[in-house]
file upload.tsv (TSV, C-alpha atoms and all ligand atoms)
chain	number	residue	atom	x	y	z
A	143	MET	CA	-17.84	-29.72	-20.03
A	144	GLN	CA	-18.07	-26.03	-19.16
A	145	ALA	CA	-20.32	-23.94	-21.43
A	146	ALA	CA	-18.49	-21.27	-23.45
A	147	PRO	CA	-19.44	-17.68	-22.55
A	148	LEU	CA	-21.98	-16.19	-24.97
A	149	PHE	CA	-20.17	-12.86	-25.17
A	150	LEU	CA	-16.86	-11.46	-24.11
A	151	ASP	CA	-17.12	-8.77	-21.43
A	152	THR	CA	-14.53	-6.24	-22.61
A	153	ARG	CA	-15.31	-3.50	-20.08
A	154	LEU	CA	-12.17	-4.10	-18.05
A	155	VAL	CA	-9.99	-3.81	-21.14
A	156	GLU	CA	-11.66	-0.52	-22.08
A	157	ILE	CA	-11.39	0.82	-18.51
A	158	HIS	CA	-7.69	-0.06	-18.49
A	159	ARG	CA	-7.15	1.58	-21.89
A	160	ARG	CA	-8.84	4.82	-20.80
A	161	LEU	CA	-7.05	5.05	-17.46
A	162	LEU	CA	-3.70	4.37	-19.11
A	163	ALA	CA	-4.37	7.16	-21.61
A	164	TYR	CA	-5.45	9.52	-18.81
A	165	TYR	CA	-2.83	8.86	-16.12
A	166	GLY	CA	0.02	7.45	-18.23
A	167	GLN	CA	2.12	4.37	-17.60
A	168	PRO	CA	2.46	3.66	-13.85
A	169	ALA	CA	6.01	3.81	-12.50
A	170	ALA	CA	7.75	0.45	-12.37
A	171	ARG	CA	7.37	-1.17	-8.96
A	172	ASP	CA	10.38	-1.70	-6.72
A	173	VAL	CA	9.83	-5.46	-6.40
A	174	TRP	CA	10.59	-6.92	-2.96
A	175	ASP	CA	11.06	-10.44	-1.71
A	176	PRO	CA	7.82	-12.09	-0.48
A	177	LEU	CA	8.55	-11.60	3.24
A	178	LYS	CA	9.12	-7.86	2.99
A	179	GLN	CA	5.99	-7.51	0.85
A	180	PHE	CA	4.07	-9.59	3.41
A	181	ILE	CA	5.18	-7.29	6.25
A	182	TYR	CA	4.32	-4.18	4.23
A	183	SER	CA	0.89	-5.51	3.28
A	184	MET	CA	0.05	-6.57	6.85
A	185	LEU	CA	0.65	-2.98	7.92
A	186	SER	CA	-0.90	-1.17	4.99
A	187	SER	CA	-4.65	-1.54	5.49
A	188	ARG	CA	-6.44	1.79	5.95
A	189	THR	CA	-3.07	3.57	5.93
A	190	LYS	CA	-1.69	5.91	3.27
A	191	THR	CA	0.86	4.28	0.99
A	192	GLU	CA	3.61	6.78	1.79
A	193	VAL	CA	3.08	6.31	5.53
A	194	THR	CA	3.38	2.51	5.25
A	195	PHE	CA	6.56	2.88	3.16
A	196	GLU	CA	8.04	5.10	5.87
A	197	VAL	CA	7.09	2.67	8.62
A	198	VAL	CA	8.62	-0.33	6.81
A	199	ALA	CA	11.82	1.64	6.18
A	200	HIS	CA	11.86	2.60	9.86
A	201	LEU	CA	11.40	-1.06	10.90
A	202	GLN	CA	14.38	-2.08	8.77
A	203	LYS	CA	16.56	0.67	10.20
A	204	HIS	CA	15.45	0.31	13.80
A	205	PHE	CA	15.61	-3.49	14.07
A	206	GLY	CA	18.28	-4.23	11.46
A	207	SER	CA	16.76	-7.61	10.54
A	208	TRP	CA	13.33	-9.22	10.39
A	209	GLU	CA	14.52	-11.73	13.02
A	210	ALA	CA	15.17	-8.83	15.42
A	211	LEU	CA	11.71	-7.46	14.66
A	212	ARG	CA	10.16	-10.86	15.38
A	213	ASP	CA	12.02	-11.19	18.70
A	214	ALA	CA	11.36	-7.64	19.90
A	215	PRO	CA	8.91	-7.02	22.77
A	216	LEU	CA	5.38	-6.32	21.58
A	217	GLY	CA	5.43	-2.79	23.01
A	218	GLU	CA	8.55	-1.92	21.00
A	219	ILE	CA	6.97	-3.21	17.78
A	220	GLU	CA	3.79	-1.30	18.55
A	221	GLU	CA	5.79	1.88	19.05
A	222	ALA	CA	7.79	1.34	15.85
A	223	ILE	CA	4.63	0.98	13.75
A	224	ARG	CA	2.76	3.80	15.50
A	225	GLY	CA	2.27	5.63	12.16
A	226	VAL	CA	-0.10	3.00	10.71
A	227	THR	CA	-3.71	2.51	11.76
A	228	PHE	CA	-4.52	-0.01	14.52
A	229	PRO	CA	-0.86	-0.42	15.61
A	230	GLU	CA	-1.75	-2.51	18.69
A	231	GLN	CA	-3.63	-5.13	16.69
A	232	LYS	CA	-1.18	-5.11	13.78
A	233	ALA	CA	1.82	-5.52	16.12
A	234	VAL	CA	0.25	-8.66	17.61
A	235	HIS	CA	-0.56	-10.17	14.22
A	236	LEU	CA	2.82	-9.27	12.73
A	237	LYS	CA	4.86	-10.73	15.59
A	238	GLN	CA	2.73	-13.88	15.66
A	239	ALA	CA	3.02	-14.38	11.90
A	240	LEU	CA	6.81	-13.89	11.90
A	241	GLU	CA	7.18	-16.38	14.77
A	242	GLN	CA	4.95	-18.93	13.05
A	243	ILE	CA	6.75	-18.59	9.70
A	244	ALA	CA	10.11	-19.27	11.37
A	245	GLN	CA	8.67	-22.21	13.33
A	246	ARG	CA	7.03	-23.82	10.32
A	247	CYS	CA	9.80	-23.17	7.80
A	248	GLY	CA	12.92	-23.39	9.95
A	249	ARG	CA	13.90	-19.85	8.97
A	250	LEU	CA	12.32	-16.45	8.55
A	251	SER	CA	11.78	-16.31	4.81
A	252	LEU	CA	8.92	-16.80	2.38
A	253	ASP	CA	11.12	-17.56	-0.61
A	254	PHE	CA	10.07	-21.23	-0.50
A	255	LEU	CA	6.60	-20.16	-1.70
A	256	SER	CA	8.00	-19.85	-5.22
A	257	SER	CA	7.70	-23.66	-5.53
A	258	TYR	CA	3.98	-23.62	-4.57
A	259	ARG	CA	1.01	-23.22	-6.88
A	260	THR	CA	-0.58	-19.76	-6.64
A	261	ASP	CA	-3.79	-21.00	-5.00
A	262	LYS	CA	-1.73	-22.86	-2.39
A	263	VAL	CA	0.37	-19.76	-1.68
A	264	ARG	CA	-2.81	-17.74	-1.21
A	265	SER	CA	-4.43	-20.18	1.21
A	266	TRP	CA	-1.15	-20.68	3.12
A	267	LEU	CA	-0.79	-16.92	3.66
A	268	GLU	CA	-4.44	-16.45	4.56
A	269	GLY	CA	-4.01	-18.98	7.38
A	270	PHE	CA	-2.30	-16.29	9.51
A	271	ASP	CA	-4.39	-14.06	11.77
A	272	GLY	CA	-4.67	-10.59	10.26
A	273	VAL	CA	-4.03	-11.80	6.70
A	274	GLY	CA	-6.88	-11.62	4.23
A	275	VAL	CA	-7.38	-11.83	0.51
A	276	LYS	CA	-5.91	-8.37	-0.14
A	277	THR	CA	-2.62	-9.19	1.58
A	278	SER	CA	-2.30	-12.60	-0.07
A	279	ALA	CA	-2.97	-11.05	-3.50
A	280	ALA	CA	-0.37	-8.34	-2.86
A	281	VAL	CA	2.27	-10.88	-1.88
A	282	VAL	CA	1.73	-13.13	-4.89
A	283	ASN	CA	1.35	-10.29	-7.42
A	284	PHE	CA	3.66	-7.47	-6.20
A	285	SER	CA	6.58	-9.46	-4.76
A	286	SER	CA	9.25	-11.37	-6.66
A	287	LEU	CA	6.77	-14.28	-6.81
A	288	ARG	CA	5.04	-12.26	-9.58
A	289	ARG	CA	1.94	-14.43	-10.04
A	290	ARG	CA	-1.43	-13.52	-11.54
A	291	ALA	CA	-3.73	-11.89	-8.97
A	292	ILE	CA	-5.46	-8.54	-8.47
A	293	CYS	CA	-5.04	-6.80	-5.15
A	294	VAL	CA	-8.42	-5.28	-4.26
A	295	ASP	CA	-7.88	-2.53	-1.70
A	296	SER	CA	-10.55	-0.10	-0.50
A	297	HIS	CA	-10.06	2.24	-3.52
A	298	HIS	CA	-10.23	-0.67	-5.94
A	299	LEU	CA	-13.36	-2.04	-4.28
A	300	ARG	CA	-15.16	1.31	-4.33
A	301	VAL	CA	-14.31	2.14	-7.95
A	302	THR	CA	-15.23	-1.35	-9.15
A	303	GLN	CA	-18.58	-1.20	-7.36
A	304	ARG	CA	-19.39	2.24	-8.75
A	305	LEU	CA	-18.54	1.03	-12.23
A	306	GLY	CA	-21.09	-1.75	-11.77
A	307	LEU	CA	-18.54	-4.52	-12.36
A	308	VAL	CA	-19.63	-6.09	-9.07
A	309	GLY	CA	-22.59	-5.58	-6.75
A	310	LYS	CA	-22.58	-3.01	-3.94
A	311	SER	CA	-22.14	-5.70	-1.30
A	312	ALA	CA	-19.25	-7.51	-3.01
A	313	ASP	CA	-16.21	-8.07	-0.82
A	314	ALA	CA	-12.55	-8.16	-1.90
A	315	ARG	CA	-12.60	-11.89	-2.70
A	316	GLU	CA	-15.75	-11.77	-4.82
A	317	THR	CA	-14.45	-8.65	-6.57
A	318	GLU	CA	-11.07	-10.19	-7.34
A	319	ASP	CA	-12.73	-13.37	-8.67
A	320	ARG	CA	-14.96	-11.30	-10.97
A	321	LEU	CA	-12.11	-9.09	-12.19
A	322	MET	CA	-9.90	-12.11	-12.86
A	323	GLU	CA	-12.70	-13.56	-15.01
A	324	MET	CA	-12.81	-10.31	-16.97
A	325	ALA	CA	-9.04	-9.82	-17.28
A	326	PRO	CA	-7.69	-11.20	-20.57
A	327	VAL	CA	-5.50	-14.27	-20.10
A	328	GLU	CA	-2.70	-12.40	-21.91
A	329	TRP	CA	-2.49	-9.87	-19.08
A	330	SER	CA	0.74	-10.75	-17.32
A	331	PRO	CA	1.27	-10.41	-13.54
A	332	VAL	CA	3.01	-7.07	-14.20
A	333	MET	CA	0.05	-5.84	-16.23
A	334	LEU	CA	-2.39	-6.88	-13.49
A	335	ASP	CA	-0.21	-4.92	-11.05
A	336	GLU	CA	-0.36	-1.88	-13.37
A	337	HIS	CA	-4.14	-2.28	-13.61
A	338	HIS	CA	-4.36	-2.22	-9.81
A	339	THR	CA	-2.21	0.93	-9.70
A	340	LEU	CA	-4.35	2.69	-12.33
A	341	ILE	CA	-7.60	1.91	-10.52
A	342	LYS	CA	-6.13	2.91	-7.17
A	343	THR	CA	-4.84	6.18	-8.62
A	344	HIS	CA	-8.29	6.83	-10.06
A	345	GLY	CA	-9.84	6.18	-6.64
A	346	GLN	CA	-7.41	8.61	-5.01
A	347	ARG	CA	-7.68	11.42	-7.56
A	348	ILE	CA	-11.12	11.39	-9.21
A	349	CYS	CA	-13.40	8.61	-7.96
A	350	THR	CA	-12.77	9.62	-4.36
A	351	PHE	CA	-14.67	8.31	-1.37
A	352	LYS	CA	-16.47	11.53	-0.43
A	353	GLN	CA	-16.96	13.34	-3.70
A	354	PRO	CA	-16.37	11.57	-7.02
A	355	ARG	CA	-15.67	14.09	-9.79
A	356	CYS	CA	-17.80	12.36	-12.40
A	357	THR	CA	-18.00	15.29	-14.81
A	358	ILE	CA	-14.27	15.09	-15.57
A	359	CYS	CA	-13.97	11.30	-15.28
A	360	PRO	CA	-12.52	9.44	-18.29
A	361	LEU	CA	-14.78	6.49	-17.40
A	362	LEU	CA	-18.05	8.43	-17.29
A	363	GLU	CA	-19.51	6.82	-20.44
A	364	LEU	CA	-18.91	3.37	-18.95
A	365	CYS	CA	-20.20	4.10	-15.47
A	366	PRO	CA	-23.81	3.69	-14.29
A	367	THR	CA	-23.11	5.56	-11.04
A	368	GLY	CA	-21.57	8.51	-12.88
A	369	ALA	CA	-24.39	8.59	-15.45
A	370	GLY	CA	-26.94	8.77	-12.61
A	371	ALA	CA	-25.04	11.45	-10.71
A	372	VAL	CA	-24.42	13.68	-13.74
A	373	GLY	CA	-27.98	13.16	-15.03
A	374	SER	CA	-29.58	14.15	-11.73
A	375	SER	CA	-27.36	17.25	-11.33
A	376	ARG	CA	-28.32	18.39	-14.85
A	377	ALA	CA	-32.03	17.79	-14.13
A	378	SER	CA	-31.93	19.81	-10.91
B	401	LIG	S1	-18.04	8.39	-13.41
B	401	LIG	FE1	-17.96	8.99	-11.26
B	401	LIG	S2	-18.52	7.18	-10.07
B	401	LIG	FE2	-17.99	6.51	-12.16
B	401	LIG	S3	-15.82	5.94	-12.05
B	401	LIG	FE3	-15.94	8.08	-12.71
B	401	LIG	S4	-15.79	9.30	-10.83
B	401	LIG	FE4	-16.29	7.18	-10.25

call {"tool": "encode", "arguments": {"input": "upload.tsv", "output": "structure tokens", "more": "lines below"}}
Ligand code: SF4
result
Amino acid sequence: MQAAPLFLDTRLVEIHRRLLAYYGQPAARDVWDPLKQFIYSMLSSRTKTEVTFEVVAHLQKHFGSWEALRDAPLGEIEEAIRGVTFPEQKAVHLKQALEQIAQRCGRLSLDFLSSYRTDKVRSWLEGFDGVGVKTSAAVVNFSSLRRRAICVDSHHLRVTQRLGLVGKSADARETEDRLMEMAPVEWSPVMLDEHHTLIKTHGQRICTFKQPRCTICPLLELCPTGAGAVGSSRAS
């Protein structure tokens, strides 16, 4: 029998509460089918959100269908996704994944995943080259599958590390596992999505990569990194 935890770690709940009060309710997501979300997420790493949105919209317009995208020459796909980072590598992985999905499933759709358990969906998606834990979390949580998961992108990872919720060397998988332990079971998939958006917004606006603005941060009292930074600037 598993031992009951000695205390409840409520830091994530408090972080969520403060960010919600500071930034307001995130806009409702335009929920896509799992395949479109999969394509978006394969392209999105290290690329600005608005750029990836534009590229996915361009793919839809240029090719007209995901089947046409799959069957297009690699060079044409590469050119069509030129706006994202690493277009050569992403074009290879995307074409391969679309071909393999159609081969394995008989058609180019991921709707069948709705009958799978979440852990099975995650491992199935992560079997494709170029698909990691962040993409599989995005597909299960953001798409119409709407399962419980937390998508840990680079902003989320950085903010979570600075807040001391995970160690400095934690990767996306370890971070997601830890955050899912801390997230109350009542948090629905939509709420986990909102939590991701709040943390990401915080990483883009205040807890930025180069220069976190700790003095105006609503999380300062909860943050060991911020306490150290503000303390040392006051001492100097
Ligand atoms: S106090 Fe500073 S390091 Fe901590 S979350 Fe806020 S901005 Fe980031």

call {"tool": "residues_around", "arguments": {"input": "upload.tsv", "residues": "Asp253 (chain A)", "least_positions_apart": "3", "cutoff": "9 Å", "atoms": "all atoms listed in the file", "output": "list in words"}}
result
Asp175, Pro176, Leu177, Ser256, Ser257, Ser286 and Leu287 of chain A

call {"tool": "closest_residue", "arguments": {"input": "upload.tsv", "among": "A:Lys276, A:Arg160, A:Lys237, A:Arg259", "to": "ligand LIG 401 (chain B)", "atoms": "only C-alpha atoms and all ligand atoms"}}
result
A:Arg160

call {"tool": "closest_residue", "arguments": {"input": "upload.tsv", "among": "A:Asn283, A:Gln202, A:Thr152, A:Ser251", "to": "Met333 (chain A)", "atoms": "only C-alpha atoms"}}
result
A:Asn283

call {"tool": "residues_around", "arguments": {"input": "upload.tsv", "residues": "region 353-359 of chain A", "least_positions_apart": "2", "cutoff": "9 Å", "atoms": "all atoms listed in the file", "output": "PyMOL selection string"}}
result
chain A and resi 344-345+347-351+361-363+367-369+371-372

call {"tool": "atom_distance", "arguments": {"input": "upload.tsv", "atom1": "CA of Glu221 (chain A)", "atom2": "CA of His204 (chain A)"}}
result
11.1 Å

call {"tool": "closest_residue", "arguments": {"input": "upload.tsv", "among": "A:Phe270, A:Gly370, A:Ala170, A:Pro326", "to": "Phe284 (chain A)", "atoms": "only C-alpha atoms"}}
result
A:Ala170

call {"tool": "residues_around", "arguments": {"input": "upload.tsv", "residues": "Arg224 (chain A)", "least_positions_apart": "2", "cutoff": "12 Å", "atoms": "only C-alpha atoms", "output": "JSON, numbers by chain"}}
result
{"A": [185, 189, 193, 194, 196, 197, 198, 200, 201, 217, 218, 219, 220, 221, 222, 226, 227, 228, 229, 230, 231, 232, 233]}

call {"tool": "residues_near_point", "arguments": {"input": "upload.tsv", "point": "(-3.8, -4.1, 0.2)", "cutoff": "8 Å", "atoms": "only C-alpha atoms", "output": "PyMOL selection string"}}
result
chain A and resi 183+186-187+276-277+279-280+293-296

call {"tool": "axis_aligned_box", "arguments": {"input": "upload.tsv", "around": "ligand LIG 401 (chain B)", "padding_each_side": "3 Å", "output": "lines of an AutoDock Vina configuration file"}}
result
center_x = -17.2
center_y = 7.6
center_z = -11.7
size_x = 8.7
size_y = 9.4
size_z = 9.3

call {"tool": "atom_distance", "arguments": {"input": "upload.tsv", "atom1": "CA of Asp313 (chain A)", "atom2": "CA of Leu299 (chain A)"}}
result
7.5 Å

call {"tool": "atom_distance", "arguments": {"input": "upload.tsv", "atom1": "CA of Ala291 (chain A)", "atom2": "CA of Gln245 (chain A)"}}
result
27.5 Å

call {"tool": "closest_residue", "arguments": {"input": "upload.tsv", "among": "A:Val263, A:Ala199, A:Ala312, A:Ile181", "to": "Leu250 (chain A)", "atoms": "all atoms listed in the file"}}
result
A:Ile181

call {"tool": "closest_residue", "arguments": {"input": "upload.tsv", "among": "A:Leu334, A:Val155, A:Val275, A:Leu161", "to": "ligand LIG 401 (chain B)", "atoms": "only C-alpha atoms and all ligand atoms"}}
result
A:Leu161

call {"tool": "residues_around", "arguments": {"input": "upload.tsv", "residues": "region 319-321 of chain A", "least_positions_apart": "2", "cutoff": "9 Å", "atoms": "all atoms listed in the file", "output": "ChimeraX atom specification"}}
result
/A:154,292,302,307-308,314-317,323-325

call {"tool": "closest_residue", "arguments": {"input": "upload.tsv", "among": "A:Glu156, A:Asp172, A:Glu268, A:Asp261", "to": "Cys365 (chain A)", "atoms": "all atoms listed in the file"}}
result
A:Glu156

call {"tool": "decode", "arguments": {"input": "upload.tsv", "residues": "region 319-337 of chain A", "atoms": "N, CA, C and O atoms", "output": "short mmCIF file (atom, residue, chain, number, x, y, z; two decimals), in the first residue's frame"}}
result
data_model
loop_
_atom_site.label_atom_id
_atom_site.label_comp_id
_atom_site.auth_asym_id
_atom_site.auth_seq_id
_atom_site.Cartn_x
_atom_site.Cartn_y
_atom_site.Cartn_z
N ASP A 319 5.71 15.42 -14.68
CA ASP A 319 5.35 14.43 -13.64
C ASP A 319 5.19 15.12 -12.28
O ASP A 319 4.25 14.87 -11.54
N ARG A 320 6.15 15.99 -11.97
CA ARG A 320 6.11 16.69 -10.67
C ARG A 320 4.89 17.62 -10.58
O ARG A 320 4.19 17.67 -9.58
N LEU A 321 4.64 18.36 -11.65
CA LEU A 321 3.50 19.30 -11.65
C LEU A 321 2.17 18.54 -11.56
O LEU A 321 1.24 18.99 -10.89
N MET A 322 2.10 17.40 -12.22
CA MET A 322 0.86 16.61 -12.17
C MET A 322 0.63 16.06 -10.76
O MET A 322 -0.50 15.90 -10.33
N GLU A 323 1.72 15.78 -10.05
CA GLU A 323 1.57 15.36 -8.64
C GLU A 323 1.01 16.51 -7.79
O GLU A 323 0.26 16.29 -6.86
N MET A 324 1.45 17.73 -8.13
CA MET A 324 1.04 18.89 -7.33
C MET A 324 -0.34 19.43 -7.73
O MET A 324 -0.98 20.12 -6.94
N ALA A 325 -0.76 19.16 -8.94
CA ALA A 325 -2.05 19.71 -9.42
C ALA A 325 -3.20 18.97 -8.73
O ALA A 325 -3.23 17.74 -8.73
N PRO A 326 -4.14 19.70 -8.16
CA PRO A 326 -5.28 19.03 -7.51
C PRO A 326 -6.03 18.14 -8.51
O PRO A 326 -6.13 18.49 -9.69
N VAL A 327 -6.54 17.02 -8.01
CA VAL A 327 -7.24 16.10 -8.92
C VAL A 327 -8.49 16.76 -9.52
O VAL A 327 -8.95 16.35 -10.58
N GLU A 328 -9.02 17.79 -8.84
CA GLU A 328 -10.22 18.46 -9.37
C GLU A 328 -9.89 19.35 -10.58
O GLU A 328 -10.80 19.80 -11.25
N TRP A 329 -8.63 19.64 -10.80
CA TRP A 329 -8.29 20.46 -11.97
C TRP A 329 -8.61 19.66 -13.24
O TRP A 329 -8.01 18.62 -13.50
N SER A 330 -9.52 20.21 -14.01
CA SER A 330 -9.96 19.52 -15.23
C SER A 330 -8.90 19.71 -16.32
O SER A 330 -7.99 20.55 -16.18
N PRO A 331 -9.01 18.99 -17.45
CA PRO A 331 -8.10 19.23 -18.57
C PRO A 331 -8.09 20.70 -19.01
O PRO A 331 -7.03 21.25 -19.31
N VAL A 332 -9.25 21.34 -19.01
CA VAL A 332 -9.31 22.75 -19.43
C VAL A 332 -8.54 23.62 -18.43
O VAL A 332 -7.80 24.53 -18.81
N MET A 333 -8.65 23.31 -17.15
CA MET A 333 -7.96 24.10 -16.14
C MET A 333 -6.43 23.89 -16.24
O MET A 333 -5.65 24.83 -16.06
N LEU A 334 -6.03 22.67 -16.54
CA LEU A 334 -4.59 22.42 -16.73
C LEU A 334 -4.07 23.19 -17.95
O LEU A 334 -2.95 23.71 -17.94
N ASP A 335 -4.90 23.28 -18.97
CA ASP A 335 -4.56 24.07 -20.16
C ASP A 335 -4.41 25.55 -19.77
O ASP A 335 -3.43 26.23 -20.14
N GLU A 336 -5.36 26.05 -18.98
CA GLU A 336 -5.29 27.45 -18.53
C GLU A 336 -4.03 27.69 -17.68
O GLU A 336 -3.38 28.73 -17.78
N HIS A 337 -3.71 26.70 -16.84
CA HIS A 337 -2.51 26.83 -16.01
C HIS A 337 -1.27 26.96 -16.91
O HIS A 337 -0.41 27.82 -16.69
#
